[in-house]
$ cat data-v5.pdb   # PDB, C-alpha atoms
ATOM      1  CA  MET A   1      65.710-240.285 167.460
ATOM      2  CA  THR A   2      65.432-242.967 164.781
ATOM      3  CA  GLY A   3      67.382-243.498 161.589
ATOM      4  CA  ILE A   4      69.094-246.041 159.381
ATOM      5  CA  ILE A   5      72.696-247.164 159.835
ATOM      6  CA  ILE A   6      74.425-246.299 156.578
ATOM      7  CA  LYS A   7      77.991-247.157 157.615
ATOM      8  CA  ALA A   8      79.730-249.126 160.361
ATOM      9  CA  LEU A   9      83.453-248.615 160.818
ATOM     10  CA  SER A  10      85.939-249.046 163.660
ATOM     11  CA  GLY A  11      83.248-249.188 166.339
ATOM     12  CA  PHE A  12      81.356-246.153 165.008
ATOM     13  CA  TYR A  13      77.892-246.263 163.454
ATOM     14  CA  TYR A  14      76.797-243.531 161.072
ATOM     15  CA  ILE A  15      73.040-243.015 161.236
ATOM     16  CA  ASP A  16      70.965-241.114 158.685
ATOM     17  CA  ASP A  17      67.737-239.730 160.157
ATOM     18  CA  GLY A  18      66.682-238.170 156.860
ATOM     19  CA  SER A  19      68.068-234.724 157.586
ATOM     20  CA  ALA A  20      71.621-235.354 158.805
ATOM     21  CA  VAL A  21      74.122-238.135 159.423
ATOM     22  CA  TYR A  22      75.274-238.710 163.009
ATOM     23  CA  GLU A  23      78.339-240.578 164.225
ATOM     24  CA  CYS A  24      77.421-242.848 167.145
ATOM     25  CA  ARG A  25      78.838-245.489 169.423
ATOM     26  CA  ALA A  26      76.798-248.510 170.507
ATOM     27  CA  ARG A  27      75.907-249.056 174.137
ATOM     28  CA  GLY A  28      78.033-251.660 175.874
ATOM     29  CA  ASN A  29      75.069-253.937 176.524
ATOM     30  CA  PHE A  30      74.794-254.724 172.795
ATOM     31  CA  ARG A  31      77.920-256.871 172.967
ATOM     32  CA  LYS A  32      76.677-258.636 176.095
ATOM     33  CA  SER A  33      73.342-259.458 174.440
ATOM     34  CA  GLY A  34      75.000-260.713 171.261
ATOM     35  CA  ILE A  35      73.502-257.958 169.110
ATOM     36  CA  SER A  36      75.747-256.553 166.412
ATOM     37  CA  PRO A  37      74.273-253.560 164.551
ATOM     38  CA  LEU A  38      74.571-253.855 160.774
ATOM     39  CA  VAL A  39      74.494-251.432 157.891
ATOM     40  CA  GLY A  40      70.843-251.229 156.888
ATOM     41  CA  ASP A  41      69.523-251.643 160.428
ATOM     42  CA  LYS A  42      66.911-249.206 161.636
ATOM     43  CA  ALA A  43      68.179-247.937 164.960
ATOM     44  CA  GLU A  44      67.173-245.688 167.809
ATOM     45  CA  PHE A  45      69.841-243.316 169.079
ATOM     46  CA  GLU A  46      70.244-240.358 171.364
ATOM     47  CA  LEU A  47      72.603-237.421 171.514
ATOM     48  CA  SER A  48      74.385-236.789 174.773
ATOM     49  CA  GLY A  49      77.337-234.584 175.605
ATOM     50  CA  GLY A  50      78.334-233.966 172.026
ATOM     51  CA  SER A  51      78.266-237.636 170.999
ATOM     52  CA  GLY A  52      75.680-240.065 169.683
ATOM     53  CA  VAL A  53      74.760-243.391 171.257
ATOM     54  CA  VAL A  54      72.835-246.260 169.609
ATOM     55  CA  THR A  55      70.218-247.324 172.149
ATOM     56  CA  ALA A  56      68.252-249.963 170.232
ATOM     57  CA  VAL A  57      68.276-251.884 166.964
ATOM     58  CA  LEU A  58      64.788-252.429 165.558
ATOM     59  CA  PRO A  59      63.735-255.884 164.278
ATOM     60  CA  ARG A  60      65.189-256.887 160.901
ATOM     61  CA  LYS A  61      63.244-258.454 158.062
ATOM     62  CA  ASN A  62      66.411-260.056 156.683
ATOM     63  CA  PHE A  63      70.176-259.792 156.705
ATOM     64  CA  LEU A  64      73.266-261.131 155.025
ATOM     65  CA  SER A  65      76.344-261.889 157.090
ATOM     66  CA  ARG A  66      78.748-261.597 154.164
ATOM     67  CA  PRO A  67      78.629-258.870 153.092
ATOM     68  CA  PRO A  68      76.989-257.543 156.293
ATOM     69  CA  VAL A  69      73.802-255.691 155.320
ATOM     70  CA  ALA A  70      70.296-255.820 156.797
ATOM     71  CA  ASN A  71      66.792-255.062 155.513
ATOM     72  CA  ILE A  72      67.500-255.484 151.808
ATOM     73  CA  ASP A  73      64.459-255.014 149.573
ATOM     74  CA  ARG A  74      65.790-255.743 146.089
ATOM     75  CA  LEU A  75      68.751-257.596 144.609
ATOM     76  CA  PHE A  76      69.539-256.467 141.064
ATOM     77  CA  ILE A  77      71.419-259.300 139.344
ATOM     78  CA  VAL A  78      73.363-257.734 136.471
ATOM     79  CA  SER A  79      74.768-259.567 133.454
ATOM     80  CA  SER A  80      76.221-258.261 130.201
ATOM     81  CA  PHE A  81      76.070-259.648 126.670
ATOM     82  CA  GLU A  82      79.741-260.547 126.591
ATOM     83  CA  ASN A  83      82.963-260.313 128.630
ATOM     84  CA  PRO A  84      81.398-262.011 130.537
ATOM     85  CA  ALA A  85      78.239-263.386 128.918
ATOM     86  CA  PRO A  86      75.249-264.348 131.109
ATOM     87  CA  ASN A  87      75.910-267.445 133.220
ATOM     88  CA  GLU A  88      72.630-269.162 134.006
ATOM     89  CA  TYR A  89      73.931-271.048 137.040
ATOM     90  CA  ILE A  90      75.285-267.864 138.639
ATOM     91  CA  ILE A  91      72.014-266.017 137.994
ATOM     92  CA  ASP A  92      69.948-268.927 139.335
ATOM     93  CA  ARG A  93      72.153-269.303 142.394
ATOM     94  CA  LEU A  94      71.736-265.619 143.204
ATOM     95  CA  THR A  95      67.961-265.686 142.707
ATOM     96  CA  ALA A  96      67.760-268.646 145.106
ATOM     97  CA  ILE A  97      69.794-266.807 147.737
ATOM     98  CA  ALA A  98      67.570-263.749 147.366
ATOM     99  CA  VAL A  99      64.340-265.740 147.664
ATOM    100  CA  TYR A 100      65.686-267.577 150.716
ATOM    101  CA  HIS A 101      66.353-264.260 152.465
ATOM    102  CA  GLY A 102      63.039-262.682 151.465
ATOM    103  CA  ILE A 103      64.670-260.314 148.962
ATOM    104  CA  GLU A 104      63.117-259.645 145.561
ATOM    105  CA  PRO A 105      65.520-260.664 142.765
ATOM    106  CA  ILE A 106      65.407-258.472 139.655
ATOM    107  CA  ILE A 107      67.285-259.550 136.531
ATOM    108  CA  VAL A 108      69.128-256.844 134.578
ATOM    109  CA  PHE A 109      70.812-257.459 131.239
ATOM    110  CA  ASN A 110      73.191-254.664 130.276
ATOM    111  CA  LYS A 111      74.780-253.835 126.912
ATOM    112  CA  CYS A 112      71.721-254.606 124.777
ATOM    113  CA  ASP A 113      73.459-252.538 122.096
ATOM    114  CA  ALA A 114      75.995-255.379 121.817
ATOM    115  CA  GLY A 115      73.584-258.239 121.077
ATOM    116  CA  ASP A 116      70.256-260.019 121.554
ATOM    117  CA  PHE A 117      69.259-261.085 125.068
ATOM    118  CA  SER A 118      65.916-262.632 124.040
ATOM    119  CA  ARG A 119      66.930-266.213 124.952
ATOM    120  CA  TRP A 120      67.780-265.237 128.528
ATOM    121  CA  GLU A 121      64.834-262.867 128.806
ATOM    122  CA  SER A 122      62.452-265.720 127.963
ATOM    123  CA  ILE A 123      64.056-268.015 130.558
ATOM    124  CA  TYR A 124      63.675-265.607 133.443
ATOM    125  CA  ARG A 125      60.318-264.130 132.516
ATOM    126  CA  ALA A 126      58.962-267.676 132.231
ATOM    127  CA  ALA A 127      60.402-268.361 135.700
ATOM    128  CA  GLY A 128      58.384-265.442 137.082
ATOM    129  CA  PHE A 129      61.118-262.833 137.564
ATOM    130  CA  ARG A 130      61.020-259.223 136.501
ATOM    131  CA  VAL A 131      63.567-258.613 133.755
ATOM    132  CA  PHE A 132      65.034-255.343 132.471
ATOM    133  CA  THR A 133      67.229-255.088 129.393
ATOM    134  CA  VAL A 134      69.258-251.896 129.190
ATOM    135  CA  SER A 135      72.292-250.211 127.751
ATOM    136  CA  ALA A 136      74.260-247.986 130.077
ATOM    137  CA  GLU A 137      76.128-246.827 126.987
ATOM    138  CA  THR A 138      73.130-245.609 124.949
ATOM    139  CA  GLY A 139      70.523-245.177 127.680
ATOM    140  CA  ASP A 140      68.096-247.720 126.190
ATOM    141  CA  GLY A 141      65.770-249.145 128.852
ATOM    142  CA  ILE A 142      67.226-247.004 131.637
ATOM    143  CA  ASP A 143      64.050-245.010 132.329
ATOM    144  CA  ALA A 144      62.055-248.182 132.998
ATOM    145  CA  LEU A 145      64.731-249.440 135.402
ATOM    146  CA  LYS A 146      65.145-246.159 137.274
ATOM    147  CA  SER A 147      61.828-246.298 139.128
ATOM    148  CA  GLU A 148      62.762-249.668 140.668
ATOM    149  CA  PHE A 149      65.258-247.956 142.979
ATOM    150  CA  SER A 150      62.646-245.777 144.711
ATOM    151  CA  GLY A 151      62.465-246.385 148.444
ATOM    152  CA  GLY A 152      64.026-249.155 150.497
ATOM    153  CA  ILE A 153      67.482-250.668 150.141
ATOM    154  CA  SER A 154      68.752-251.961 146.806
ATOM    155  CA  VAL A 155      71.826-254.016 146.033
ATOM    156  CA  LEU A 156      73.527-254.640 142.691
ATOM    157  CA  THR A 157      75.480-257.831 142.166
ATOM    158  CA  GLY A 158      77.253-259.285 139.175
ATOM    159  CA  ASN A 159      80.689-260.088 137.827
ATOM    160  CA  SER A 160      83.251-257.381 137.340
ATOM    161  CA  GLY A 161      82.833-255.728 133.965
ATOM    162  CA  VAL A 162      79.079-256.136 133.569
ATOM    163  CA  GLY A 163      78.526-252.401 134.074
ATOM    164  CA  LYS A 164      76.994-252.021 137.539
ATOM    165  CA  SER A 165      78.592-248.620 138.155
ATOM    166  CA  SER A 166      77.846-247.511 134.601
ATOM    167  CA  ILE A 167      74.156-248.282 135.087
ATOM    168  CA  LEU A 168      74.013-246.275 138.321
ATOM    169  CA  ASN A 169      75.885-243.373 136.787
ATOM    170  CA  ARG A 170      73.553-243.373 133.787
ATOM    171  CA  ILE A 171      70.495-243.357 136.080
ATOM    172  CA  PHE A 172      71.624-240.987 138.807
ATOM    173  CA  GLY A 173      74.626-239.131 137.411
ATOM    174  CA  ASN A 174      78.251-239.254 138.527
ATOM    175  CA  THR A 175      77.681-236.914 141.457
ATOM    176  CA  ALA A 176      74.283-238.130 142.660
ATOM    177  CA  LEU A 177      75.421-241.040 144.837
ATOM    178  CA  LYS A 178      76.196-239.090 147.977
ATOM    179  CA  THR A 179      75.026-239.615 151.530
ATOM    180  CA  GLY A 180      75.809-236.063 152.596
ATOM    181  CA  GLU A 181      78.381-234.953 155.086
ATOM    182  CA  VAL A 182      78.485-236.357 158.600
ATOM    183  CA  SER A 183      76.853-233.957 161.063
ATOM    184  CA  GLU A 184      79.356-231.179 161.737
ATOM    185  CA  LYS A 185      78.516-231.224 165.421
ATOM    186  CA  LEU A 186      79.315-234.904 165.856
ATOM    187  CA  GLY A 187      81.172-236.014 162.755
ATOM    188  CA  ARG A 188      84.816-236.752 162.162
ATOM    189  CA  GLY A 189      84.681-236.728 158.371
ATOM    190  CA  ARG A 190      84.629-239.578 155.919
ATOM    191  CA  HIS A 191      86.957-242.560 156.178
ATOM    192  CA  THR A 192      88.747-243.855 153.097
ATOM    193  CA  THR A 193      88.909-247.557 154.033
ATOM    194  CA  ARG A 194      86.814-249.844 151.831
ATOM    195  CA  HIS A 195      83.723-250.878 153.718
ATOM    196  CA  THR A 196      80.039-251.558 153.230
ATOM    197  CA  GLU A 197      78.042-248.357 153.045
ATOM    198  CA  LEU A 198      74.566-247.243 151.996
ATOM    199  CA  LEU A 199      74.450-244.335 149.584
ATOM    200  CA  ARG A 200      71.344-242.203 149.549
ATOM    201  CA  LEU A 201      69.699-241.915 146.129
ATOM    202  CA  PRO A 202      67.831-238.878 144.773
ATOM    203  CA  CYS A 203      64.687-241.029 144.418
ATOM    204  CA  GLY A 204      64.525-241.635 148.174
ATOM    205  CA  GLY A 205      66.057-245.093 148.410
ATOM    206  CA  TYR A 206      69.527-246.387 149.243
ATOM    207  CA  ILE A 207      72.029-248.407 147.264
ATOM    208  CA  ALA A 208      74.617-250.604 148.982
ATOM    209  CA  ASP A 209      78.203-249.773 148.062
ATOM    210  CA  THR A 210      80.334-252.752 149.030
ATOM    211  CA  PRO A 211      83.301-254.700 147.681
ATOM    212  CA  GLY A 212      81.637-258.035 148.469
ATOM    213  CA  PHE A 213      78.419-258.284 146.495
ATOM    214  CA  SER A 214      80.006-259.797 143.391
ATOM    215  CA  SER A 215      80.454-263.024 145.396
ATOM    216  CA  LEU A 216      77.316-263.216 147.495
ATOM    217  CA  GLU A 217      77.263-265.952 150.120
ATOM    218  CA  THR A 218      75.041-268.932 149.418
ATOM    219  CA  GLY A 219      73.329-268.753 152.764
ATOM    220  CA  GLY A 220      74.801-272.262 152.686
ATOM    221  CA  ASP A 221      73.468-273.767 155.876
ATOM    222  CA  TYR A 222      71.238-276.716 156.618
ATOM    223  CA  GLU A 223      68.028-274.671 156.548
ATOM    224  CA  PHE A 224      68.869-273.299 153.099
ATOM    225  CA  LYS A 225      69.545-276.842 151.915
ATOM    226  CA  GLU A 226      66.202-278.059 153.294
ATOM    227  CA  LYS A 227      64.286-275.163 151.707
ATOM    228  CA  LEU A 228      66.180-275.176 148.414
ATOM    229  CA  ILE A 229      63.315-276.297 146.169
ATOM    230  CA  SER A 230      61.110-273.477 147.525
ATOM    231  CA  CYS A 231      63.878-271.017 146.601
ATOM    232  CA  PHE A 232      63.138-271.940 142.973
ATOM    233  CA  PRO A 233      59.439-270.927 142.976
ATOM    234  CA  ASP A 234      58.873-272.013 139.365
ATOM    235  CA  LEU A 235      60.122-275.522 140.199
ATOM    236  CA  TYR A 236      58.433-275.679 143.599
ATOM    237  CA  GLU A 237      55.048-275.280 141.925
ATOM    238  CA  TYR A 238      55.410-278.801 140.516
ATOM    239  CA  SER A 239      56.946-280.505 143.553
ATOM    240  CA  GLY A 240      53.513-281.414 144.895
ATOM    241  CA  GLY A 241      53.200-283.877 142.028
ATOM    242  CA  CYS A 242      56.182-285.974 143.130
ATOM    243  CA  ARG A 243      55.479-289.643 143.900
ATOM    244  CA  PHE A 244      57.640-289.633 147.035
ATOM    245  CA  THR A 245      57.624-287.015 149.796
ATOM    246  CA  SER A 246      61.382-287.500 150.184
ATOM    247  CA  CYS A 247      62.021-286.632 146.527
ATOM    248  CA  THR A 248      65.129-284.531 145.996
ATOM    249  CA  HIS A 249      64.017-283.561 142.445
ATOM    250  CA  THR A 250      67.379-284.602 141.026
ATOM    251  CA  CYS A 251      66.935-288.133 139.613
ATOM    252  CA  GLU A 252      63.927-289.894 141.156
ATOM    253  CA  LYS A 253      61.274-291.678 139.123
ATOM    254  CA  GLY A 254      57.885-290.075 139.535
ATOM    255  CA  CYS A 255      59.336-286.608 140.211
ATOM    256  CA  GLY A 256      56.840-283.924 139.249
ATOM    257  CA  VAL A 257      59.570-281.334 138.770
ATOM    258  CA  ILE A 258      61.600-283.463 136.368
ATOM    259  CA  ALA A 259      58.435-284.342 134.446
ATOM    260  CA  ALA A 260      57.540-280.643 134.152
ATOM    261  CA  ALA A 261      60.994-279.897 132.709
ATOM    262  CA  GLU A 262      60.702-282.756 130.222
ATOM    263  CA  ASN A 263      57.269-281.483 129.164
ATOM    264  CA  GLY A 264      58.556-277.940 128.648
ATOM    265  CA  GLU A 265      56.497-276.498 131.511
ATOM    266  CA  ILE A 266      59.619-275.186 133.255
ATOM    267  CA  GLN A 267      62.996-274.197 131.861
ATOM    268  CA  LYS A 268      65.477-277.095 131.814
ATOM    269  CA  SER A 269      68.345-274.714 132.651
ATOM    270  CA  ARG A 270      66.578-273.817 135.892
ATOM    271  CA  LEU A 271      66.336-277.461 136.888
ATOM    272  CA  GLU A 272      70.006-278.033 136.031
ATOM    273  CA  SER A 273      70.970-275.063 138.226
ATOM    274  CA  TYR A 274      68.859-276.456 141.067
ATOM    275  CA  LYS A 275      70.617-279.820 140.757
ATOM    276  CA  ALA A 276      74.048-278.188 140.785
ATOM    277  CA  LEU A 277      73.222-276.152 143.882
ATOM    278  CA  PHE A 278      71.702-279.210 145.576
ATOM    279  CA  GLU A 279      74.965-281.051 144.925
ATOM    280  CA  GLU A 280      76.898-278.158 146.469
ATOM    281  CA  LEU A 281      74.779-278.242 149.632
ATOM    282  CA  LYS A 282      73.881-281.915 150.036
ATOM    283  CA  ASP A 283      76.541-282.805 152.629
ATOM    284  CA  ILE A 284      75.615-280.028 155.080
ATOM    285  CA  LYS A 285      74.459-281.484 158.399
ATOM    286  CA  PRO A 286      71.651-280.311 160.739
ATOM    287  CA  TRP A 287      74.084-278.928 163.321
ATOM    288  CA  GLN A 288      75.417-276.541 160.690
ATOM    289  CA  ALA A 289      72.164-274.597 160.639
ATOM    290  CA  LYS A 290      72.731-270.889 161.267
ATOM    291  CA  ARG A 291      71.207-269.311 164.332
TER     292      ARG A 291
END
$ encode --input "data-v5.pdb" --output "structure tokens"
Amino acid sequence: MTGIIIKALSGFYYIDDGSAVYECRARGNFRKSGISPLVGDKAEFELSGGSGVVTAVLPRKNFLSRPPVANIDRLFIVSSFENPAPNEYIIDRLTAIAVYHGIEPIIVFNKCDAGDFSRWESIYRAAGFRVFTVSAETGDGIDALKSEFSGGISVLTGNSGVGKSSILNRIFGNTALKTGEVSEKLGRGRHTTRHTELLRLPCGGYIADTPGFSSLETGGDYEFKEKLISCFPDLYEYSGGCRFTSCTHTCEKGCGVIAAAENGEIQKSRLESYKALFEELKDIKPWQAKR
């Protein structure tokens, strides 16, 4: 049998095969081989003697180690008009992390009933990202956003107070975010401890419910540092015009990226965010690369 791990807790893995959720243990050889199943993993499992056993974890397309989720398709980066207002560095940092991990970043501005988001919309549309402006309060823009959750695994991130839960409740209703009961034959009921979990959506996809996505890890290792300019695709387009192959795109003469920003071809705020993130990562050494 094959399904997706929707919850991992206290050595148990809860696998949704599309019709029921099964509580499973992992085979002992996983630990010996260094494999640690994650929420979001596609896994093979078998039922034996009234219990489930994970027999294999299928290859991942991506994963985050903090919070621990695999096979993410979309990262919805949510900001509100005020309390707090959009922070361009935070948004840019999160888009870079998403691109690095092969996750599509989608920008969502909530509370359009409170003010005009046009300045930020123009920045991120010009940078090549899909942007949705909505109001969870009035329902404006919600229908256009709803279809983006169909299929795959979605994650919402953003500061507390931007309205992530309000958006989901407006789209799916207060009672729609349920994974179903654990299989009665194998299950032990739901745990109450806070943990990362995938919730099945009525549209066929999953949404990650986790306490950690408001402070997503940078992926801050040497490889991320080395690939940083490519994690800003709008800037990377101009890096081929740099005079020096060793250009860091922060201060060098003859930098194609800096010239593009000065000429208005790319957003200056995007370049400033790149420089700030480069500064954060610049002292990471090759031996700090993640394996």
$ resolve_selection --input "data-v5.pdb" --expression "the PyMOL selection byres ((chain A and resi 5-9) around 6)" --output "list in words"
Ile4, Ser10, Gly11, Phe12, Tyr13, Tyr14, Ile15, Val39, Gly40, Asp41, Glu197 and Leu198 of chain A
$ resolve_selection --input "data-v5.pdb" --expression "the PyMOL selection byres ((chain A and resi 255-269) around 10)" --output "PyMOL selection string"
chain A and resi 88-89+92+122-124+126-127+229+234-245+247-254+270-275
$ write_last_selection --input "data-v5.pdb" --atoms "C-alpha atoms" --output "PDB file, in the coordinates of the input"
ATOM      1  CA  GLU A  88      72.630-269.162 134.006  1.00  0.00           C
ATOM      2  CA  TYR A  89      73.931-271.048 137.040  1.00  0.00           C
ATOM      3  CA  ASP A  92      69.948-268.927 139.335  1.00  0.00           C
ATOM      4  CA  SER A 122      62.452-265.720 127.963  1.00  0.00           C
ATOM      5  CA  ILE A 123      64.056-268.015 130.558  1.00  0.00           C
ATOM      6  CA  TYR A 124      63.675-265.607 133.443  1.00  0.00           C
ATOM      7  CA  ALA A 126      58.962-267.676 132.231  1.00  0.00           C
ATOM      8  CA  ALA A 127      60.402-268.361 135.700  1.00  0.00           C
ATOM      9  CA  ILE A 229      63.315-276.297 146.169  1.00  0.00           C
ATOM     10  CA  ASP A 234      58.873-272.013 139.365  1.00  0.00           C
ATOM     11  CA  LEU A 235      60.122-275.522 140.199  1.00  0.00           C
ATOM     12  CA  TYR A 236      58.433-275.679 143.599  1.00  0.00           C
ATOM     13  CA  GLU A 237      55.048-275.280 141.925  1.00  0.00           C
ATOM     14  CA  TYR A 238      55.410-278.801 140.516  1.00  0.00           C
ATOM     15  CA  SER A 239      56.946-280.505 143.553  1.00  0.00           C
ATOM     16  CA  GLY A 240      53.513-281.414 144.895  1.00  0.00           C
ATOM     17  CA  GLY A 241      53.200-283.877 142.028  1.00  0.00           C
ATOM     18  CA  CYS A 242      56.182-285.974 143.130  1.00  0.00           C
ATOM     19  CA  ARG A 243      55.479-289.643 143.900  1.00  0.00           C
ATOM     20  CA  PHE A 244      57.640-289.633 147.035  1.00  0.00           C
ATOM     21  CA  THR A 245      57.624-287.015 149.796  1.00  0.00           C
ATOM     22  CA  CYS A 247      62.021-286.632 146.527  1.00  0.00           C
ATOM     23  CA  THR A 248      65.129-284.531 145.996  1.00  0.00           C
ATOM     24  CA  HIS A 249      64.017-283.561 142.445  1.00  0.00           C
ATOM     25  CA  THR A 250      67.379-284.602 141.026  1.00  0.00           C
ATOM     26  CA  CYS A 251      66.935-288.133 139.613  1.00  0.00           C
ATOM     27  CA  GLU A 252      63.927-289.894 141.156  1.00  0.00           C
ATOM     28  CA  LYS A 253      61.274-291.678 139.123  1.00  0.00           C
ATOM     29  CA  GLY A 254      57.885-290.075 139.535  1.00  0.00           C
ATOM     30  CA  ARG A 270      66.578-273.817 135.892  1.00  0.00           C
ATOM     31  CA  LEU A 271      66.336-277.461 136.888  1.00  0.00           C
ATOM     32  CA  GLU A 272      70.006-278.033 136.031  1.00  0.00           C
ATOM     33  CA  SER A 273      70.970-275.063 138.226  1.00  0.00           C
ATOM     34  CA  TYR A 274      68.859-276.456 141.067  1.00  0.00           C
ATOM     35  CA  LYS A 275      70.617-279.820 140.757  1.00  0.00           C
TER      36      LYS A 275
END
$ residues_around --input "data-v5.pdb" --residues "Gly52 of chain A" --least-positions-apart "4" --cutoff "9 Å" --atoms "only C-alpha atoms" --output "list in words"
Tyr22, Glu23, Cys24, Arg25, Ala26, Phe45, Glu46, Leu47, Ser48 and Leu186 of chain A
$ residues_around --input "data-v5.pdb" --residues "Asn110 of chain A" --least-positions-apart "6" --cutoff "8 Å" --atoms "all atoms listed in the file" --output "PyMOL selection string"
chain A and resi 78-81+133-136+162-163
$ closest_residue --input "data-v5.pdb" --among "A:Leu168, A:Ala85, A:Cys112, A:Asp221" --to "Ile284 of chain A" --atoms "only C-alpha atoms"
A:Asp221
$ atom_distance --input "data-v5.pdb" --atom1 "atom CA of Arg200 of chain A" --atom2 "atom CA of Pro59 of chain A"
21.5 Å
$ closest_residue --input "data-v5.pdb" --among "A:Phe172, A:Phe117, A:Phe63, A:Phe278" --to "Phe232 of chain A" --atoms "all atoms listed in the file"
A:Phe278
$ residues_near_point --input "data-v5.pdb" --point "(62.6, -247.0, 149.2)" --cutoff "8 Å" --atoms "all atoms listed in the file" --output "MDAnalysis selection string"
chainID A and resid 149:153 203:206
$ closest_residue --input "data-v5.pdb" --among "A:Gly128, A:Pro286, A:Pro105, A:Gly173" --to "Glu226 of chain A" --atoms "only C-alpha atoms"
A:Pro286
$ atom_distance --input "data-v5.pdb" --atom1 "atom CA of Asp140 of chain A" --atom2 "atom CA of Glu121 of chain A"
15.7 Å
$ closest_residue --input "data-v5.pdb" --among "A:Thr196, A:Ser19, A:Ser230, A:Ser246" --to "Thr95 of chain A" --atoms "all atoms listed in the file"
A:Ser230
$ atom_distance --input "data-v5.pdb" --atom1 "atom CA of Ile91 of chain A" --atom2 "atom CA of Asp283 of chain A"
22.7 Å
$ closest_residue --input "data-v5.pdb" --among "A:Ile142, A:Leu277, A:Leu201, A:Cys231" --to "Gly102 of chain A" --atoms "only C-alpha atoms"
A:Cys231
$ closest_residue --input "data-v5.pdb" --among "A:Leu199, A:Ile77, A:Ile35, A:Val131" --to "Leu58 of chain A" --atoms "all atoms listed in the file"
A:Ile35
$ resolve_selection --input "data-v5.pdb" --expression "the PyMOL selection byres ((chain A and resi 99) around 12)" --output "PyMOL selection string"
chain A and resi 62+72-75+92-98+100-106+129+218-219+224+227-234
